[in-house]
>>> print(open('query33.txt').read())   # compact mmCIF, C-alpha atoms and all ligand atoms
# COMPACT_ATOMS: atom_id res chain seq x y z
CA MET A 1 -24.65 -15.69 -23.51
CA GLY A 2 -23.12 -14.93 -20.13
CA HIS A 3 -23.07 -11.62 -18.29
CA SER A 4 -20.95 -9.01 -20.10
CA VAL A 5 -18.10 -8.03 -17.81
CA LEU A 6 -14.84 -6.07 -18.11
CA VAL A 7 -11.79 -7.65 -16.46
CA ALA A 8 -8.21 -6.34 -16.30
CA ALA A 9 -6.26 -8.33 -18.91
CA GLU A 10 -3.26 -8.54 -16.56
CA LEU A 11 -5.27 -10.90 -14.30
CA GLN A 12 -5.82 -13.51 -17.01
CA ASN A 13 -2.97 -15.83 -15.96
CA LEU A 14 -4.00 -15.71 -12.30
CA LEU A 15 -7.59 -16.87 -12.87
CA GLU A 16 -9.05 -20.36 -13.27
CA PRO A 17 -11.75 -21.02 -15.91
CA GLU A 18 -14.39 -21.89 -13.27
CA GLN A 19 -13.97 -18.45 -11.69
CA LEU A 20 -15.16 -16.99 -15.01
CA ALA A 21 -18.13 -19.38 -15.44
CA GLY A 22 -21.21 -17.66 -16.81
CA LEU A 23 -19.27 -14.52 -17.71
CA ASP A 24 -18.73 -13.09 -21.16
CA VAL A 25 -15.38 -11.40 -20.48
CA THR A 26 -13.89 -8.46 -22.35
CA TRP A 27 -10.27 -8.20 -21.24
CA ILE A 28 -9.00 -4.63 -20.89
CA GLY A 29 -5.29 -3.81 -20.84
CA ALA A 30 -3.98 -1.32 -18.28
CA THR A 31 -3.27 1.35 -20.90
CA GLN A 32 -6.58 0.89 -22.73
CA PRO A 33 -9.38 3.36 -21.91
CA THR A 34 -12.43 1.86 -20.20
CA PRO A 35 -14.85 0.81 -22.98
CA ARG A 36 -18.47 1.97 -23.05
CA GLY A 37 -21.28 -0.54 -23.23
CA ASP A 38 -23.81 -2.70 -21.43
CA TYR A 39 -21.27 -4.29 -19.08
CA VAL A 40 -22.64 -5.28 -15.68
CA ALA A 41 -19.32 -5.61 -13.85
CA ILE A 42 -15.78 -4.28 -14.01
CA VAL A 43 -12.70 -5.74 -12.34
CA PRO A 44 -10.08 -2.97 -12.52
CA LEU A 45 -6.50 -2.77 -11.37
CA LEU A 46 -5.69 0.05 -8.94
CA SER A 47 -4.17 2.04 -11.82
CA ARG A 48 -7.59 2.47 -13.51
CA TRP A 49 -9.77 5.37 -12.37
CA VAL A 50 -13.44 4.39 -12.19
CA GLY A 51 -15.68 7.39 -11.52
CA GLY A 52 -18.59 9.47 -12.78
CA THR A 53 -17.67 9.40 -16.47
CA GLU A 54 -17.19 5.63 -16.48
CA PHE A 55 -20.49 5.13 -14.65
CA LYS A 56 -22.22 7.33 -17.24
CA TYR A 57 -20.88 5.22 -20.10
CA LEU A 58 -21.57 1.91 -18.31
CA PRO A 59 -25.29 2.40 -17.63
CA ARG A 60 -25.95 -1.26 -16.63
CA LEU A 61 -23.00 -1.51 -14.21
CA LYS A 62 -23.82 -3.32 -10.96
CA VAL A 63 -20.40 -3.91 -9.39
CA VAL A 64 -16.86 -2.54 -9.38
CA ALA A 65 -14.71 -5.36 -7.98
CA ASN A 66 -11.40 -3.61 -7.35
CA CYS A 67 -8.39 -5.93 -7.38
CA ALA A 68 -6.74 -4.22 -4.37
CA VAL A 69 -7.61 -3.43 -0.77
CA GLY A 70 -7.16 0.32 -1.35
CA HIS A 71 -10.02 1.81 -3.35
CA ASP A 72 -8.81 5.36 -3.92
CA ASN A 73 -9.05 4.69 -7.69
CA VAL A 74 -12.84 4.34 -7.42
CA ASP A 75 -15.30 7.18 -6.79
CA VAL A 76 -17.21 5.28 -4.12
CA VAL A 77 -19.63 8.14 -3.49
CA ALA A 78 -20.64 8.34 -7.17
CA ALA A 79 -20.97 4.53 -7.17
CA GLU A 80 -23.21 4.54 -4.11
CA LEU A 81 -25.42 7.26 -5.61
CA ARG A 82 -25.98 5.02 -8.62
CA GLY A 83 -26.54 1.90 -6.54
CA ILE A 84 -23.33 0.29 -7.78
CA THR A 85 -21.59 -2.06 -5.32
CA VAL A 86 -17.85 -1.52 -4.78
CA THR A 87 -15.74 -4.38 -3.43
CA ASN A 88 -12.03 -4.75 -2.58
CA THR A 89 -9.64 -7.56 -1.60
CA PRO A 90 -8.80 -7.19 2.12
CA ASP A 91 -7.01 -9.74 4.38
CA VAL A 92 -5.45 -11.96 1.69
CA LEU A 93 -2.72 -9.39 1.03
CA THR A 94 -2.04 -8.41 4.65
CA ASP A 95 0.89 -10.78 5.31
CA ALA A 96 2.55 -10.21 1.94
CA THR A 97 2.40 -6.43 2.36
CA ALA A 98 3.56 -6.54 5.99
CA ASP A 99 6.50 -8.73 4.93
CA LEU A 100 7.44 -6.20 2.26
CA ALA A 101 7.27 -3.34 4.77
CA TRP A 102 9.78 -5.30 6.85
CA ALA A 103 11.95 -5.92 3.77
CA LEU A 104 12.11 -2.12 3.41
CA ILE A 105 12.76 -1.56 7.13
CA LEU A 106 15.64 -4.03 7.14
CA ALA A 107 17.02 -2.85 3.79
CA CYS A 108 17.10 0.74 5.07
CA ALA A 109 18.42 -0.11 8.56
CA ARG A 110 21.21 -2.32 7.23
CA ARG A 111 21.97 -0.44 4.00
CA VAL A 112 21.32 -3.49 1.85
CA VAL A 113 21.01 -1.63 -1.46
CA GLU A 114 24.20 0.38 -0.86
CA GLY A 115 25.97 -2.89 -0.04
CA THR A 116 24.74 -4.57 -3.22
CA GLU A 117 25.79 -1.58 -5.30
CA LEU A 118 29.26 -1.54 -3.70
CA VAL A 119 29.82 -5.23 -4.45
CA ARG A 120 28.59 -4.94 -8.06
CA SER A 121 30.67 -1.81 -8.71
CA GLY A 122 33.92 -3.69 -8.01
CA ARG A 123 34.93 -0.93 -5.53
CA TRP A 124 34.64 -3.14 -2.42
CA THR A 125 38.12 -3.41 -0.92
CA GLY A 126 37.35 -5.95 1.82
CA TRP A 127 36.05 -6.25 5.41
CA HIS A 128 36.32 -3.02 7.32
CA PRO A 129 35.04 -2.41 10.86
CA GLU A 130 33.25 0.78 9.81
CA LEU A 131 31.98 -0.27 6.39
CA LEU A 132 28.26 0.55 5.85
CA LEU A 133 27.39 0.81 9.51
CA GLY A 134 23.63 0.57 9.97
CA VAL A 135 21.03 0.91 12.68
CA GLU A 136 20.51 -1.73 15.36
CA LEU A 137 16.75 -2.30 15.60
CA ARG A 138 16.63 -3.89 19.08
CA GLY A 139 15.49 -1.36 21.65
CA ARG A 140 14.41 1.14 19.03
CA THR A 141 10.87 2.41 18.37
CA LEU A 142 8.64 1.41 15.48
CA GLY A 143 5.88 3.93 14.80
CA LEU A 144 2.81 2.86 12.85
CA LEU A 145 0.65 5.50 11.23
CA GLY A 146 -2.56 3.48 10.92
CA ALA A 147 -3.03 0.20 12.76
CA GLY A 148 -5.56 -1.63 10.64
CA ARG A 149 -4.92 -5.06 9.16
CA ILE A 150 -1.50 -4.31 7.63
CA GLY A 151 -0.31 -1.86 10.30
CA GLN A 152 -1.02 -4.44 13.03
CA ALA A 153 0.69 -7.21 11.04
CA VAL A 154 3.79 -5.00 10.74
CA GLY A 155 3.60 -4.29 14.47
CA ARG A 156 3.36 -8.00 15.37
CA ARG A 157 6.51 -8.67 13.37
CA ALA A 158 8.37 -6.07 15.48
CA LYS A 159 8.29 -8.20 18.63
CA PRO A 160 11.04 -10.69 17.69
CA PHE A 161 13.19 -7.75 16.58
CA GLY A 162 12.93 -6.33 20.10
CA MET A 163 11.33 -3.06 19.03
CA ARG A 164 8.92 -0.93 21.07
CA VAL A 165 5.74 -0.20 19.09
CA LEU A 166 3.78 3.06 19.02
CA TYR A 167 0.79 3.70 16.80
CA SER A 168 -1.51 6.51 15.78
CA ALA A 169 -5.08 5.79 14.75
CA ARG A 170 -8.51 7.25 15.36
CA ASN A 171 -9.65 4.15 17.26
CA PRO A 172 -7.73 2.22 19.93
CA ARG A 173 -6.81 -1.40 19.22
CA PRO A 174 -6.82 -3.07 22.68
CA ASP A 175 -6.18 -6.63 21.38
CA PHE A 176 -3.20 -5.40 19.39
CA GLU A 177 -1.90 -3.49 22.43
CA ARG A 178 -2.21 -6.60 24.63
CA GLU A 179 -0.49 -8.80 22.06
CA THR A 180 2.43 -6.51 21.25
CA GLY A 181 2.65 -4.01 24.10
CA ALA A 182 1.99 -1.26 21.55
CA ALA A 183 0.87 2.15 22.83
CA ARG A 184 -1.48 4.54 21.03
CA VAL A 185 -0.10 8.09 20.80
CA GLU A 186 -0.88 11.37 19.06
CA LEU A 187 0.71 11.99 15.69
CA SER A 188 3.13 14.58 17.15
CA ARG A 189 4.57 12.00 19.59
CA LEU A 190 4.69 9.34 16.89
CA LEU A 191 6.76 11.67 14.68
CA GLN A 192 9.10 12.66 17.52
CA GLU A 193 9.77 9.21 18.97
CA SER A 194 9.82 6.85 15.97
CA ASP A 195 13.16 5.45 14.83
CA VAL A 196 11.21 3.73 12.07
CA LEU A 197 7.92 5.27 10.89
CA SER A 198 5.78 3.00 8.70
CA LEU A 199 2.65 4.30 6.95
CA HIS A 200 -0.52 2.16 6.86
CA VAL A 201 -3.44 4.56 6.47
CA PRO A 202 -5.52 4.67 3.30
CA SER A 203 -5.32 7.56 0.85
CA VAL A 204 -8.24 9.78 1.86
CA PRO A 205 -8.49 13.59 1.97
CA GLU A 206 -7.34 13.70 5.63
CA THR A 207 -4.21 11.61 5.02
CA LYS A 208 -2.99 12.98 1.67
CA GLY A 209 0.31 14.82 2.17
CA ILE A 210 0.40 13.89 5.88
CA ILE A 211 4.17 13.48 5.52
CA ASN A 212 5.25 16.96 4.42
CA ALA A 213 7.96 19.54 5.14
CA ASP A 214 6.46 20.26 8.57
CA THR A 215 5.96 16.67 9.74
CA LEU A 216 9.37 15.63 8.34
CA ARG A 217 11.01 18.37 10.44
CA ARG A 218 9.41 16.86 13.55
CA MET A 219 10.99 13.43 12.91
CA LYS A 220 14.37 12.29 14.21
CA PRO A 221 17.19 13.11 11.75
CA THR A 222 18.18 9.44 11.89
CA ALA A 223 14.65 8.06 11.37
CA ILE A 224 13.70 5.60 8.66
CA LEU A 225 10.45 6.36 6.80
CA VAL A 226 8.69 3.43 5.12
CA ASN A 227 5.67 3.71 2.82
CA THR A 228 3.83 0.64 1.56
CA ALA A 229 0.42 2.36 1.67
CA ARG A 230 -0.16 5.00 -1.03
CA GLY A 231 2.24 7.48 -2.67
CA ASP A 232 0.09 10.56 -2.11
CA LEU A 233 0.53 10.31 1.68
CA ILE A 234 3.99 11.85 1.16
CA ARG A 235 5.03 15.16 -0.40
CA GLU A 236 7.85 13.71 -2.47
CA GLU A 237 9.80 16.95 -2.98
CA ALA A 238 9.83 17.64 0.77
CA LEU A 239 11.04 14.08 1.40
CA ALA A 240 13.80 14.46 -1.21
CA ALA A 241 14.92 17.73 0.45
CA ALA A 242 15.04 16.08 3.90
CA LEU A 243 17.17 13.22 2.56
CA GLU A 244 19.48 15.55 0.60
CA GLU A 245 20.05 17.75 3.68
CA GLY A 246 20.60 14.80 6.04
CA ARG A 247 17.46 15.59 8.07
CA LEU A 248 16.14 12.01 7.66
CA GLY A 249 18.04 8.73 8.00
CA ALA A 250 16.52 6.83 5.07
CA ALA A 251 13.34 6.19 3.12
CA GLY A 252 12.00 2.83 1.94
CA LEU A 253 9.21 3.31 -0.58
CA ASP A 254 6.97 0.96 -2.52
CA VAL A 255 4.44 3.54 -3.73
CA TYR A 256 4.61 6.97 -5.38
CA LEU A 257 2.39 9.91 -6.21
CA GLU A 258 2.33 9.48 -9.99
CA GLU A 259 3.24 5.85 -10.63
CA PRO A 260 5.19 4.73 -12.54
CA ALA A 261 6.84 8.18 -12.57
CA ILE A 262 8.96 9.03 -9.54
CA HIS A 263 9.87 12.61 -8.63
CA PRO A 264 13.36 13.14 -10.14
CA ARG A 265 14.71 14.61 -6.89
CA LEU A 266 13.51 11.55 -4.97
CA LEU A 267 15.06 9.26 -7.55
CA ALA A 268 18.40 11.05 -7.10
CA ALA A 269 18.20 11.43 -3.30
CA PRO A 270 20.61 9.50 -1.03
CA ARG A 271 19.63 6.66 1.34
CA THR A 272 16.52 5.43 -0.43
CA VAL A 273 15.25 1.94 -1.18
CA LEU A 274 12.77 2.27 -4.03
CA LEU A 275 10.50 -0.62 -5.04
CA PRO A 276 7.98 -0.75 -7.91
CA HIS A 277 4.68 -1.13 -5.95
CA ILE A 278 5.10 -4.83 -5.16
CA GLY A 279 3.59 -4.87 -1.66
CA SER A 280 1.20 -7.74 -2.37
CA ALA A 281 3.28 -9.36 -5.10
CA THR A 282 3.46 -13.03 -4.17
CA LEU A 283 1.89 -15.61 -6.46
CA GLU A 284 -0.39 -16.93 -3.70
CA THR A 285 -1.63 -13.47 -2.77
CA ARG A 286 -2.13 -12.24 -6.32
CA ARG A 287 -4.12 -15.42 -7.15
CA GLN A 288 -6.29 -14.90 -4.07
CA MET A 289 -6.85 -11.23 -4.87
CA ALA A 290 -8.02 -12.11 -8.40
CA ALA A 291 -10.18 -14.96 -7.05
CA ILE A 292 -11.91 -12.71 -4.49
CA ALA A 293 -12.53 -9.98 -7.07
CA LEU A 294 -14.25 -12.49 -9.39
CA ALA A 295 -16.14 -14.13 -6.50
CA ASN A 296 -17.53 -10.68 -5.65
CA VAL A 297 -18.66 -10.25 -9.26
CA GLN A 298 -20.33 -13.68 -9.27
CA ALA A 299 -22.10 -13.02 -5.96
CA VAL A 300 -23.50 -9.63 -7.00
CA LEU A 301 -24.65 -10.94 -10.39
CA LYS A 302 -26.42 -13.83 -8.65
CA GLY A 303 -28.19 -11.38 -6.33
CA ASP A 304 -26.21 -12.54 -3.28
CA PRO A 305 -24.43 -10.16 -0.89
CA PRO A 306 -20.85 -9.38 -1.99
CA LEU A 307 -18.08 -11.12 -0.01
CA THR A 308 -15.98 -8.05 0.70
CA PRO A 309 -17.89 -4.81 0.07
CA VAL A 310 -16.05 -1.56 0.74
CA PHE A 311 -19.12 -0.30 2.64
CA ARG A 312 -21.46 -2.66 4.46
P1 LIG B 401 -7.31 -1.10 6.99
O1 LIG B 401 -7.39 -2.40 7.70
O2 LIG B 401 -8.59 -0.43 6.57
O3 LIG B 401 -6.46 -0.09 7.91
C1 LIG B 401 -6.40 1.29 7.70
C2 LIG B 401 -5.98 2.01 8.98
O4 LIG B 401 -5.98 3.41 8.72
C3 LIG B 401 -6.85 1.77 10.18
O5 LIG B 401 -6.01 1.69 11.32
C4 LIG B 401 -7.70 3.02 10.30
O6 LIG B 401 -7.93 3.12 11.69
C5 LIG B 401 -6.78 4.07 9.71
N1 LIG B 401 -7.54 5.13 9.03
C6 LIG B 401 -8.57 5.00 8.22
N2 LIG B 401 -8.99 6.18 7.77
C7 LIG B 401 -8.21 7.08 8.34
C8 LIG B 401 -8.18 8.48 8.31
N3 LIG B 401 -9.06 9.18 7.59
N4 LIG B 401 -7.24 9.11 9.01
C9 LIG B 401 -6.40 8.41 9.76
N5 LIG B 401 -6.38 7.08 9.84
C10 LIG B 401 -7.28 6.41 9.13
O7 LIG B 401 -6.45 -1.21 5.67
P2 LIG B 401 -5.25 -2.24 5.37
O8 LIG B 401 -5.77 -3.50 4.81
O9 LIG B 401 -4.34 -2.28 6.55
O10 LIG B 401 -4.53 -1.43 4.18
C11 LIG B 401 -3.96 -0.15 4.42
C12 LIG B 401 -3.59 0.51 3.10
O11 LIG B 401 -2.44 -0.13 2.56
C13 LIG B 401 -4.64 0.39 1.98
O12 LIG B 401 -5.59 1.43 2.06
C14 LIG B 401 -3.80 0.47 0.73
O13 LIG B 401 -3.79 1.78 0.24
C15 LIG B 401 -2.40 0.08 1.18
N6 LIG B 401 -1.89 -1.16 0.53
C16 LIG B 401 -0.80 -1.10 -0.28
C17 LIG B 401 -0.28 -2.24 -0.84
C18 LIG B 401 0.95 -2.23 -1.73
O14 LIG B 401 0.99 -2.97 -2.70
N7 LIG B 401 1.96 -1.46 -1.42
C19 LIG B 401 -0.88 -3.49 -0.59
C20 LIG B 401 -2.00 -3.52 0.25
C21 LIG B 401 -2.49 -2.35 0.80
P3 LIG B 401 -8.87 4.17 12.36
O15 LIG B 401 -10.17 4.12 11.60
O16 LIG B 401 -8.99 3.75 13.77
O17 LIG B 401 -8.16 5.48 12.22
>>> encode(input="query33.txt", output="structure tokens", more="lines below")
Ligand code: NAP
Amino acid sequence: MGHSVLVAAELQNLLEPEQLAGLDVTWIGATQPTPRGDYVAIVPLLSRWVGGTEFKYLPRLKVVANCAVGHDNVDVVAAELRGITVTNTPDVLTDATADLAWALILACARRVVEGTELVRSGRWTGWHPELLLGVELRGRTLGLLGAGRIGQAVGRRAKPFGMRVLYSARNPRPDFERETGAARVELSRLLQESDVLSLHVPSVPETKGIINADTLRRMKPTAILVNTARGDLIREEALAAALEEGRLGAAGLDVYLEEPAIHPRLLAAPRTVLLPHIGSATLETRRQMAAIALANVQAVLKGDPPLTPVFR
């Protein structure tokens, strides 16, 4: 008998048999409650909350190997108190997520979704010099809220587009500044000067609701807001109001407060590009995320240090 482990059923097609060697896997579907029992590991998707109650009903749990870089779905403090290791999947999803942030930036700047809808509707009457005029990115300012792995990767991609890069973060990133010419500024300046503001901080108490009625009012009325981080960074009703009243240029969103539900006012608001949380969704990346999650499980169960612990 192998080690009893719980693994998200949705990962089954992305895993190779050798990655599951020595494991007695119970596959759990996203809508299924977390089972109780003598499981020693759980590999959840980011949609599954793993906290005090789960730890109580999984008394032999040694590791939560989250299949995401964000770990706001895991009560890491409760885990630490019980001596349970928490791991995530950093780095392998950085490029895919940065690419998607740029897909949203370009889609918003050049009104790609409105263009597609016009063509499909049959209402396109032909080339017109003022049809769907967008924003020229060259010479404009990209603001990054958070310049960790993904924020920096988004910033590096700004160079060939000729954008100036500003960022806000608690710690300076001198290598990133040298490479891209980016400048670290306070949040107030970031809000005021960004033509494109892209969010890359984790969801933690200090960042939840950081984009709200007040901060939105301090942004340029033409600015593009992009969120590929976590939905709860933005107050969705305040964002919808800003878009409805023309106080914000556009919003490109991949994540929402209560996924898969989207605030009805945001869904109806003009100038949005709304994606279904696909930041890391390339086959290569999703395979690597699943592989790292299982490698973390195998390491912890062998008594080795985890590959990518949330806290070292
Ligand atoms: P990371 O390398 O840890 O970067 C996080 C950045 O946020 C750092 O610059 C950090 O810098 C800053 N930060 C951390 N705590 C903060 C706080 N309390 N207040 C302000 N800034 C804080 O993470 P990453 O790999 O770039 O991922 C970023 C986030 O993207 C993840 O947490 C996840 O939620 C999200 N994500 C979403 C998708 C998707 O599918 N859409 C895919 C991957 C990741 P300082 O410590 O210097 O402030």
>>> closest_residue(input="query33.txt", among="A:Gly148, A:Gly231, A:Pro160, A:Gly126", to="ligand LIG 401 (chain B)", atoms="all atoms listed in the file")
A:Gly148
>>> residues_near_ligand(input="query33.txt", ligand="ligand LIG 401 (chain B)", cutoff="9 Å", atoms="only C-alpha atoms and all ligand atoms", output="ChimeraX atom specification")
/A:68-72,89-91,93-94,96-98,100-101,145-153,167-173,199-207,227-231,253-255,276-281
>>> closest_residue(input="query33.txt", among="A:Ala65, A:Gly155, A:Glu245, A:Thr222", to="A:Thr87", atoms="only C-alpha atoms")
A:Ala65
>>> atom_distance(input="query33.txt", atom1="atom CA of A:Val273", atom2="atom CA of A:Gly134")
14.0 Å
>>> residues_around(input="query33.txt", residues="A:His263", least_positions_apart="2", cutoff="8 Å", atoms="all atoms listed in the file", output="number ranges by chain")
A: 236-237, 261, 265-267
>>> axis_aligned_box(input="query33.txt", around="stretch 15-31 of chain A", padding_each_side="3 Å", output="lines of an AutoDock Vina configuration file")
center_x = -12.2
center_y = -10.3
center_z = -17.0
size_x = 23.9
size_y = 29.2
size_z = 16.7
>>> atom_distance(input="query33.txt", atom1="atom CA of A:Gly22", atom2="atom CA of A:Gly2")
4.7 Å
>>> residues_around(input="query33.txt", residues="stretch 187-193 of chain A", least_positions_apart="5", cutoff="8 Å", atoms="all atoms listed in the file", output="list in words")
Thr141, Gly143, Leu144, Leu145, Leu166, Tyr167, Ser168, Thr215, Leu216, Arg218, Met219 and Lys220 of chain A
>>> closest_residue(input="query33.txt", among="A:Val5, A:Ala291, A:Leu81, A:Val135", to="A:Leu23", atoms="only C-alpha atoms")
A:Val5
